[in-house]
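Q: Shown below is the structure under consideration.
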Amino acid sequence: HYIQPEGAPWNLVLANDWNALPSDYDSTFTAEEFYSYGGEKKMDVRAIEHMREMIEAGNREGLDLRVLSAYRSVELQARLYNKKVQEYLNMGYDQERAETVAATIVKRPGTSEHNTGLAADLGGSGDYTITETFENTEAFRWLKEHCAEYGFILRFPKDKEDITGVIYEPWHYRYVGVEHAKIIMENNLCLEEYLQQIGS
C-alpha cells in the first residue's frame with residue numbers, strides 16, 4: 001500500500017488506513033458552513049466554493065443535489081467508528097474482526113477523508129440513502145461526468161477496494177483541484193494510484 005511522503009500539497013493529502021492525518025490536522029484549515037441539509041455541513045474554505053459551484057450546476061440540470069455529510073472532526077469520526085464496531089460485535093464478530101470490517105465502511109479516526117475537510121457525501125435525483133443505489137441515478141451519472149470540472153473526483157471507485165481499503169462509494173467526492181481531477185477521472189484511477197504515479 002502506498003505511503004505518502006511528507007510535504008504533500010494540501011489538496012492531495014491522503015487519509016486512509018495506511019496514511020493517518022497528523023494529530024493537529026484539524027487546526028491547519030478553517031471549516032466553514034456552506035450548505036444545510038439535515039443540519040450544518042462544513043468544508044475546508046479552500047474547496048468550499050468549488051463544491052457550491054458543482055451543486056448549483058447540477059441543480060440547474062434538475063438533479064436536486066444535496067450534501068449529506070462533509071467535514072467531520074476526529075472526535076465525531078471516533079464516535080461513528082466505535083458505533084459501527086459495536087454493530088459487528090452485536091452480530092457475533094470478535095473484536096479484531098469487528099474493527100477490521102467496520103473500518104471498510106467507517107474509517108478509523110484520523111484516517112477518514114471526511115477528517116480532511118475536502119470530501120463530501122452527495123445525494124440527488126431523489127436518492128439520499130448513502131448506498132450503492134445512488135449509482136443508478138441521473139445525479140450520479142452527471143457527477144461522474146462533470147465532477148472533475150470543479151476539481152472533484154469519485155474517491156472510491158468500483159474495483160479499487162484493495163487499493164483504497166474502502167468499499168465502492170458512488171456518493172463520495174473529494175476535492176483535489178481541476179488539473180489533478182481531470183487526469184484521475186479520465187484514466188479511471190483512484191487517488192492512491194495517481195499519487196504513486198506522480199510521487200506525491
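In the C-alpha cells, chains take letters A, B, ... by order of appearance, with residues numbered from 1 within each chain and ligands from 1 in the order shown.
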Determine, counting only C-alpha atoms, which protein, DNA and RNA residues have an atom within 12 Å of an atom of Thr30 in chain A; residues of the same chain fewer than 3 positions away are not included. Present the result as a PDB file with C-alpha atoms, in the first residue's frame.

A:
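Listed below is the output, selection.pdb:
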```pdb
ATOM      1  CA  TYR A  25      -4.543  18.419  11.226  1.00  0.00           C
ATOM      2  CA  ASP A  26      -7.904  19.863  12.288  1.00  0.00           C
ATOM      3  CA  SER A  27      -6.175  23.124  13.197  1.00  0.00           C
ATOM      4  CA  GLU A  33     -20.574  26.082   6.846  1.00  0.00           C
ATOM      5  CA  LYS A  42     -18.738  22.230   6.801  1.00  0.00           C
ATOM      6  CA  MET A  43     -15.813  22.028   4.405  1.00  0.00           C
ATOM      7  CA  ASP A  44     -12.288  23.389   4.020  1.00  0.00           C
ATOM      8  CA  VAL A  45     -12.612  27.025   2.914  1.00  0.00           C
ATOM      9  CA  ARG A  46     -10.205  26.352   0.033  1.00  0.00           C
ATOM     10  CA  ALA A  47     -12.600  23.813  -1.505  1.00  0.00           C
ATOM     11  CA  ILE A  48     -15.922  25.244  -0.448  1.00  0.00           C
ATOM     12  CA  TYR A  71     -16.218  17.659   7.262  1.00  0.00           C
ATOM     13  CA  SER A  73     -13.914  16.237  13.432  1.00  0.00           C
ATOM     14  CA  THR A 116      -9.632  16.387   5.781  1.00  0.00           C
ATOM     15  CA  GLY A 117     -12.480  18.813   5.141  1.00  0.00           C
ATOM     16  CA  LEU A 118     -12.038  18.101   1.414  1.00  0.00           C
TER      17      LEU A 118
END
```

Q: Excluding Ile105 in chain A and any residue of its chain fewer than 5 positions from it, enumerate the residues within 10 Å of it, using only C-alpha atoms, and give them as a PyMOL selection string.

A: chain A and resi 81+84+100+165-169

Q: Go through A:Ala139, A:Met185, A:Leu195, A:Gly177 one by one, measure the shortest atom-to-atom distance of each to Glu61 in chain A using only C-alpha atoms, and give the residue with the smallest value.

A: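 That would be A:Ala139, the residue with the smallest distance to Glu61 in chain A.
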
Q: Do a neighbour search on His114 in chain A at 7 Å with only C-alpha atoms, toss out local chain neighbours closer than 5 positions, and write the hits as a VMD selection string.

A: chain A and resid 70 to 72 119 to 120

Q: DSSP on the backbone, helix (DSSP H, G or I) only: what residues of chain A does that give? Format it as a PyMOL selection string.

A: chain A and resi 10-12+25-28+45-60+74-90+95-103+113-116+132-136+138-150+161-164+178-186+191-198

Q: Give me the residues near Leu80 in chain A as a ChimeraX atom specification, where near means some atom within 10 Å (using only C-alpha atoms) and where sequence neighbours in that chain fewer than 5 positions away do not count.

A: /A:74-75,85-86,102,106-109

Q: For Leu89 in chain A, list every protein, DNA or RNA residue within 9 Å, evaluated using only C-alpha atoms, and leave out those in the same chain fewer than 6 positions away; present the list as a list in words.

A: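 Final neighbour list, sorted by chain and number: Gln95, Arg97, Ala98 and Glu99 of chain A.
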
Q: Determine which residues of range 56-197 of chain A DSSP labels as strand (DSSP E) from the backbone of this structure, then write them out as a list in words.

A: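 Answer for range 56-197 of chain A, restricted to strand (DSSP E): Arg66, Val67, Leu68, Ser69, Ala119, Ala120, Asp121, Leu122, Gly123, Phe152, Ile153, Leu154, Arg155, Phe156, Glu169, Pro170, Trp171, His172, Tyr173, Arg174 and Tyr175 of chain A.
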
Q: Which residue is closest to Asp121 in chain A? Choose from A:Lys41, A:His146, A:Arg141, A:Lys83 and count only C-alpha atoms.

A: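 Of the candidates, the smallest distance to Asp121 in chain A is held by A:Lys41.
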
Q: Extract, using only C-alpha atoms, all DNA, RNA and protein residues at most 12 Å from Pro157 in chain A, discarding same-chain residues fewer than 3 positions from it, and format them as a PDB file with C-alpha atoms, in the first residue's frame.

A:
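Produced file out_18.pdb, reproduced below:
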```pdb
ATOM      1  CA  GLU A 132     -24.877   1.853  -3.813  1.00  0.00           C
ATOM      2  CA  GLU A 135     -25.144   4.772  -8.930  1.00  0.00           C
ATOM      3  CA  LYS A 144     -19.174  11.174 -12.621  1.00  0.00           C
ATOM      4  CA  ILE A 153     -13.050  13.016  -8.039  1.00  0.00           C
ATOM      5  CA  LEU A 154     -15.132   9.938  -7.325  1.00  0.00           C
ATOM      6  CA  LYS A 160     -10.361  -0.357  -6.365  1.00  0.00           C
ATOM      7  CA  GLU A 161     -11.281  -1.600  -2.877  1.00  0.00           C
ATOM      8  CA  ASP A 162      -7.998  -3.476  -2.402  1.00  0.00           C
ATOM      9  CA  ILE A 163      -6.073  -0.254  -3.033  1.00  0.00           C
ATOM     10  CA  THR A 164      -8.255   2.230  -1.145  1.00  0.00           C
ATOM     11  CA  GLY A 165      -9.313  -0.049   1.709  1.00  0.00           C
ATOM     12  CA  VAL A 166     -12.857   1.272   1.266  1.00  0.00           C
ATOM     13  CA  ILE A 167     -15.988  -0.177  -0.316  1.00  0.00           C
ATOM     14  CA  TYR A 168     -17.269   1.290  -3.593  1.00  0.00           C
ATOM     15  CA  GLU A 169     -18.912   4.624  -2.710  1.00  0.00           C
ATOM     16  CA  PRO A 170     -20.681   6.276  -5.670  1.00  0.00           C
ATOM     17  CA  TRP A 171     -21.793   9.083  -3.327  1.00  0.00           C
ATOM     18  CA  HIS A 172     -18.357  10.207  -2.037  1.00  0.00           C
ATOM     19  CA  TYR A 173     -16.464  13.055  -3.778  1.00  0.00           C
ATOM     20  CA  ARG A 174     -13.087  14.526  -2.865  1.00  0.00           C
ATOM     21  CA  ILE A 184      -7.688  10.886 -12.331  1.00  0.00           C
ATOM     22  CA  MET A 185     -11.204  10.680 -13.749  1.00  0.00           C
ATOM     23  CA  ASN A 187      -7.866   7.424 -16.539  1.00  0.00           C
ATOM     24  CA  ASN A 188     -10.176   5.682 -14.048  1.00  0.00           C
ATOM     25  CA  LEU A 189      -7.628   5.988 -11.250  1.00  0.00           C
ATOM     26  CA  CYS A 190      -8.099   6.152  -7.518  1.00  0.00           C
ATOM     27  CA  LEU A 191      -6.191   8.814  -5.596  1.00  0.00           C
ATOM     28  CA  GLU A 192      -3.631   6.320  -4.272  1.00  0.00           C
ATOM     29  CA  GLU A 193      -2.714   5.178  -7.788  1.00  0.00           C
TER      30      GLU A 193
END
```

Q: With distances taken over only C-alpha atoms, which residue among A:Asn82, A:Glu56, A:Ala148, A:Leu65 lies nearest Phe134 in chain A?

A: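 Checking each candidate against Phe134 in chain A, we get A:Leu65 as the closest.
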
Q: May I ask for the distance between CA of Gly110 in chain A and CA of Lys158 in chain A, given in Å to one decimal place?

A: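 Separating CA of Gly110 in chain A from CA of Lys158 in chain A is a distance of 23.5 Å.
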